[in-house]
$ cat protein.cif   # mmCIF, C-alpha atoms
data_model
#
loop_
_atom_site.label_atom_id
_atom_site.label_comp_id
_atom_site.auth_asym_id
_atom_site.auth_seq_id
_atom_site.Cartn_x
_atom_site.Cartn_y
_atom_site.Cartn_z
CA MET A 9 92.61 97.65 68.21
CA ALA A 10 91.45 97.15 64.63
CA ALA A 11 87.89 98.16 65.53
CA GLY A 12 89.21 101.34 67.17
CA ARG A 13 91.22 102.27 64.09
CA GLU A 14 88.22 101.59 61.85
CA MET A 15 85.97 103.73 64.04
CA SER A 16 88.50 106.56 64.21
CA ARG A 17 88.22 107.07 60.45
CA ASP A 18 84.62 108.19 60.98
CA LEU A 19 85.34 110.65 63.80
CA VAL A 20 86.29 114.27 63.37
CA LEU A 21 87.19 116.53 66.28
CA ALA A 22 85.82 120.00 65.67
CA ARG A 23 86.14 122.93 68.02
CA LYS A 24 85.18 126.57 67.96
CA GLN A 25 88.25 127.68 69.85
CA ARG A 26 91.40 126.18 71.27
CA PRO A 27 90.75 125.17 74.89
CA LYS A 28 92.76 126.90 77.58
CA ARG A 29 92.74 123.70 79.57
CA SER A 30 92.26 120.02 78.73
CA PHE A 31 92.07 116.84 80.74
CA PHE A 32 91.75 113.17 79.84
CA MET A 33 90.56 110.87 82.56
CA ARG A 34 90.35 107.13 82.33
CA ALA A 35 88.77 105.82 85.51
CA ASP A 36 91.02 102.75 85.56
CA ASP A 37 94.11 104.95 85.86
CA VAL A 38 93.03 107.13 88.79
CA LEU A 39 93.89 104.71 91.61
CA GLY A 40 97.40 104.24 90.20
CA TYR A 41 97.72 108.01 89.90
CA VAL A 42 96.75 108.47 93.54
CA SER A 43 99.17 105.72 94.61
CA ASN A 44 101.91 107.62 92.78
CA ILE A 45 100.94 110.82 94.63
CA GLU A 46 101.18 109.01 97.97
CA ARG A 47 104.57 107.56 96.99
CA ASP A 48 105.78 111.02 95.98
CA MET A 49 104.65 112.41 99.34
CA ALA A 50 106.53 109.67 101.19
CA ASP A 51 109.62 110.25 99.02
CA LEU A 52 109.53 113.96 99.83
CA ASP A 53 109.25 113.19 103.56
CA GLU A 54 112.30 110.92 103.28
CA LEU A 55 114.20 113.52 101.26
CA GLU A 56 113.49 116.16 103.90
CA ARG A 57 114.78 113.78 106.63
CA GLN A 58 117.96 113.12 104.63
CA PHE A 59 118.54 116.85 104.14
CA GLU A 60 118.08 117.39 107.89
CA GLU A 61 120.73 114.72 108.63
CA LYS A 62 123.30 115.49 105.93
CA LEU A 63 123.18 119.24 105.39
CA ASP A 64 123.61 122.25 107.62
CA GLY A 65 123.29 125.99 107.52
CA TYR A 66 121.54 127.93 104.79
CA GLY A 67 121.72 125.04 102.28
CA ARG A 68 119.91 122.79 104.74
CA MET A 69 117.22 125.40 105.24
CA LEU A 70 116.70 125.82 101.47
CA ALA A 71 116.70 122.08 100.69
CA THR A 72 114.41 121.03 103.53
CA GLY A 73 112.08 123.95 102.79
CA ALA A 74 111.81 122.94 99.12
CA ALA A 75 111.03 119.30 99.94
CA ARG A 76 108.55 120.31 102.66
CA GLY A 77 106.90 122.87 100.35
CA GLN A 78 106.39 120.31 97.58
CA ARG A 79 104.96 117.82 100.08
CA GLN A 80 102.60 120.45 101.49
CA ALA A 81 101.45 121.41 97.97
CA LEU A 82 100.56 117.78 97.24
CA GLU A 83 98.80 117.47 100.60
CA ALA A 84 96.84 120.69 99.99
CA ARG A 85 95.61 119.35 96.66
CA TYR A 86 95.02 115.68 97.50
CA GLY A 87 94.81 115.52 101.31
CA ALA A 88 97.24 113.98 103.78
CA ASN A 89 96.08 110.47 102.83
CA PRO A 90 94.40 110.47 99.40
CA HIS A 91 93.32 106.83 99.70
CA ALA A 92 91.51 107.53 102.99
CA ARG A 93 88.46 108.82 101.10
CA SER A 94 86.00 106.62 99.23
CA HIS A 95 86.71 106.06 95.55
CA GLY A 96 83.70 108.22 94.70
CA GLU A 97 84.92 111.14 96.83
CA LEU A 98 88.41 110.83 95.39
CA PHE A 99 87.27 110.74 91.75
CA LEU A 100 84.77 113.55 92.21
CA GLU A 101 87.35 115.78 93.87
CA LEU A 102 89.92 115.03 91.17
CA ILE A 103 87.49 115.85 88.36
CA GLN A 104 86.27 119.00 90.12
CA SER A 105 89.83 120.26 90.57
CA ARG A 106 90.50 119.90 86.84
CA LEU A 107 87.38 121.49 85.32
CA LEU A 108 88.18 125.09 84.43
CA GLU A 109 86.37 127.40 82.02
CA ASN A 110 86.95 127.12 78.27
CA GLY A 111 88.36 123.61 78.61
CA LEU A 112 88.11 120.43 76.60
CA TYR A 113 87.63 117.34 78.76
CA LEU A 114 87.66 113.69 77.73
CA LEU A 115 86.25 111.37 80.38
CA ASP A 116 86.33 107.60 79.88
CA GLU A 117 83.68 105.92 82.01
CA PRO A 118 84.00 108.35 84.92
CA GLU A 119 80.99 106.73 86.60
CA THR A 120 82.99 103.59 87.43
CA PRO A 121 83.48 104.32 91.16
CA PHE A 122 80.26 106.28 91.64
CA SER A 123 77.06 105.43 93.42
CA PRO A 124 73.95 107.03 91.87
CA ILE A 125 74.23 110.00 94.25
CA PHE A 126 77.84 110.62 93.18
CA GLN A 127 76.76 110.29 89.54
CA LEU A 128 74.27 113.09 90.20
CA SER A 129 77.09 115.13 91.75
CA LEU A 130 79.21 114.54 88.66
CA LEU A 131 76.26 115.50 86.45
CA SER A 132 76.08 118.78 88.35
CA LEU A 133 79.80 119.37 87.72
CA VAL A 134 79.30 118.59 84.01
CA MET A 135 76.44 121.08 83.79
CA ASP A 136 78.50 123.74 85.60
CA ALA A 137 81.35 123.09 83.15
CA GLN A 138 78.98 123.52 80.21
CA GLU A 139 77.97 126.91 81.60
CA ALA A 140 81.70 127.77 81.84
CA ASN A 141 82.05 127.25 78.07
CA CYS A 142 83.62 123.81 78.36
CA GLN A 143 83.27 120.94 75.96
CA LEU A 144 83.05 117.47 77.48
CA ILE A 145 83.28 114.20 75.62
CA ILE A 146 82.21 111.41 77.93
CA ALA A 147 82.29 107.70 77.17
CA THR A 148 79.70 106.33 79.57
CA HIS A 149 77.07 103.69 80.21
CA SER A 150 75.37 105.87 82.82
CA PRO A 151 71.91 107.17 81.90
CA ILE A 152 72.46 109.87 84.52
CA LEU A 153 75.60 111.22 82.83
CA MET A 154 73.89 111.13 79.44
CA ALA A 155 71.11 113.40 80.71
CA PRO A 156 72.43 117.00 80.74
CA PRO A 157 70.20 119.34 78.75
CA GLY A 158 71.53 119.78 75.24
CA ALA A 159 73.75 116.69 75.34
CA THR A 160 74.39 114.94 72.04
CA ILE A 161 74.49 111.17 72.46
CA TYR A 162 76.15 108.80 70.03
CA SER A 163 75.86 105.03 70.11
CA PHE A 164 79.00 103.15 69.17
CA ASP A 165 77.21 99.79 68.96
CA GLU A 166 77.56 99.88 65.17
CA LEU A 167 79.79 101.72 62.72
CA PRO A 168 79.58 104.47 61.90
CA PRO A 169 78.50 105.82 65.30
CA ALA A 170 74.91 107.03 65.25
CA HIS A 171 73.11 109.84 67.08
CA VAL A 172 70.44 108.53 69.47
CA GLU A 173 67.93 110.18 71.74
CA TRP A 174 68.30 109.64 75.49
CA GLU A 175 65.03 107.69 75.68
CA GLU A 176 66.33 105.23 73.04
CA VAL A 177 69.57 104.35 74.85
CA GLU A 178 69.61 100.69 75.90
CA HIS A 179 70.92 101.49 79.41
CA VAL A 180 68.06 103.94 79.95
CA THR A 181 65.52 101.26 79.00
CA ILE A 182 67.17 98.69 81.28
CA THR A 183 67.49 101.13 84.19
CA ARG A 184 63.82 102.10 83.88
CA GLY A 185 62.60 98.53 83.49
CA PHE A 186 64.49 96.78 86.27
CA PRO A 187 62.66 98.34 89.26
CA ASN A 188 59.35 97.34 87.67
CA ASP A 189 60.34 93.66 87.35
CA PRO A 190 63.53 92.76 89.28
#
$ encode --input "protein.cif" --output "structure tokens"
Amino acid sequence: MAAGREMSRDLVLARKQRPKRSFFMRADDVLGYVSNIERDMADLDELERQFEEKLDGYGRMLATGAARGQRQALEARYGANPHARSHGELFLELIQSRLLENGLYLLDEPETPFSPIFQLSLLSLVMDAQEANCQLIIATHSPILMAPPGATIYSFDELPPAHVEWEEVEHVTITRGFPNDP
């Protein structure tokens, strides 16, 4: 905590314009988020059943329709069983659904559930977002996610944070060296 407060004194958030959309994603929170979505879907199913049993007439039609409509909206966005997909598919779909033009996006280690191929998919989404006038701030250890053209990379290994070139990043060196001498 103290290190975070000390570091925050050296950081300044600057923007050219107020984003129309923003999104903060911490990879550790996504699975809990999806579990909450599934619980909400089950709760809406139960609510619809209760309305069917306890209400009648026009009120029943309105109440069951509202519960069903909310359930269908969640299903349309996250699928009938959000946990049925791999973690990579789930995370990628969630990020893709949130990236809209002119947005500010803070992603905390989004590579956590991703294989290298999914990291490349995420890199593609990041580059598309850049073209859509988005600003992304990504805390990552992934050399792949540090690689978009024009990216500014800061190392937080020492204070104050320092700008580094991609080739100088420790994870890049390790990733390049390992296949040569496993």
$ residues_around --input "protein.cif" --residues "region 127-135 of chain A" --least-positions-apart "3" --cutoff "7 Å" --atoms "all atoms listed in the file" --output "PDB file with C-alpha atoms, in the frame of the given file"
ATOM      1  CA  LEU A 100      84.770 113.550  92.210  1.00  0.00           C
ATOM      2  CA  GLN A 104      86.270 119.000  90.120  1.00  0.00           C
ATOM      3  CA  GLU A 119      80.990 106.730  86.600  1.00  0.00           C
ATOM      4  CA  PHE A 122      80.260 106.280  91.640  1.00  0.00           C
ATOM      5  CA  SER A 123      77.060 105.430  93.420  1.00  0.00           C
ATOM      6  CA  PRO A 124      73.950 107.030  91.870  1.00  0.00           C
ATOM      7  CA  GLN A 138      78.980 123.520  80.210  1.00  0.00           C
ATOM      8  CA  GLU A 139      77.970 126.910  81.600  1.00  0.00           C
ATOM      9  CA  ILE A 152      72.460 109.870  84.520  1.00  0.00           C
ATOM     10  CA  LEU A 153      75.600 111.220  82.830  1.00  0.00           C
ATOM     11  CA  PRO A 156      72.430 117.000  80.740  1.00  0.00           C
TER      12      PRO A 156
END
$ closest_residue --input "protein.cif" --among "A:Ser94, A:Ser163, A:Gln58, A:Thr148" --to "Pro121 (chain A)" --atoms "all atoms listed in the file"
A:Ser94
$ closest_residue --input "protein.cif" --among "A:Phe32, A:Phe164, A:Thr183, A:Ala84" --to "Ile145 (chain A)" --atoms "only C-alpha atoms"
A:Phe32
$ closest_residue --input "protein.cif" --among "A:Phe59, A:Phe126, A:Tyr86, A:Tyr66" --to "Val42 (chain A)" --atoms "all atoms listed in the file"
A:Tyr86
$ atom_distance --input "protein.cif" --atom1 "CA of Leu52 (chain A)" --atom2 "CA of Glu101 (chain A)"
23.0 Å
$ closest_residue --input "protein.cif" --among "A:His95, A:Arg85, A:Arg47, A:Arg106" --to "Ser30 (chain A)" --atoms "all atoms listed in the file"
A:Arg106
$ resolve_selection --input "protein.cif" --expression "the PyMOL selection byres ((chain A and resi 53-55) around 12)" --output "PyMOL selection string"
chain A and resi 46-52+56-63+68+71-80+82-83
$ atom_distance --input "protein.cif" --atom1 "CA of Gly96 (chain A)" --atom2 "CA of Glu117 (chain A)"
12.9 Å
$ atom_distance --input "protein.cif" --atom1 "CA of Ile182 (chain A)" --atom2 "CA of Met154 (chain A)"
14.3 Å
$ resolve_selection --input "protein.cif" --expression "the PyMOL selection byres ((chain A and resi 38) around 12)" --output "compact mmCIF listing (two decimals) with C-alpha atoms, in the coordinates of the input"
# COMPACT_ATOMS: atom_id res chain seq x y z
CA PHE A 32 91.75 113.17 79.84
CA MET A 33 90.56 110.87 82.56
CA ARG A 34 90.35 107.13 82.33
CA ALA A 35 88.77 105.82 85.51
CA ASP A 36 91.02 102.75 85.56
CA ASP A 37 94.11 104.95 85.86
CA LEU A 39 93.89 104.71 91.61
CA GLY A 40 97.40 104.24 90.20
CA TYR A 41 97.72 108.01 89.90
CA VAL A 42 96.75 108.47 93.54
CA SER A 43 99.17 105.72 94.61
CA ASN A 44 101.91 107.62 92.78
CA ILE A 45 100.94 110.82 94.63
CA PRO A 90 94.40 110.47 99.40
CA HIS A 91 93.32 106.83 99.70
CA HIS A 95 86.71 106.06 95.55
CA GLY A 96 83.70 108.22 94.70
CA LEU A 98 88.41 110.83 95.39
CA PHE A 99 87.27 110.74 91.75
CA LEU A 100 84.77 113.55 92.21
CA GLU A 101 87.35 115.78 93.87
CA LEU A 102 89.92 115.03 91.17
CA ILE A 103 87.49 115.85 88.36
CA LEU A 115 86.25 111.37 80.38
CA ASP A 116 86.33 107.60 79.88
CA GLU A 117 83.68 105.92 82.01
CA PRO A 118 84.00 108.35 84.92
CA THR A 120 82.99 103.59 87.43
CA PRO A 121 83.48 104.32 91.16
$ closest_residue --input "protein.cif" --among "A:Asn89, A:Ser105, A:Ser150, A:Gln143" --to "His179 (chain A)" --atoms "only C-alpha atoms"
A:Ser150
$ closest_residue --input "protein.cif" --among "A:Glu173, A:Glu109, A:Asp165, A:Glu178" --to "Leu144 (chain A)" --atoms "only C-alpha atoms"
A:Glu109
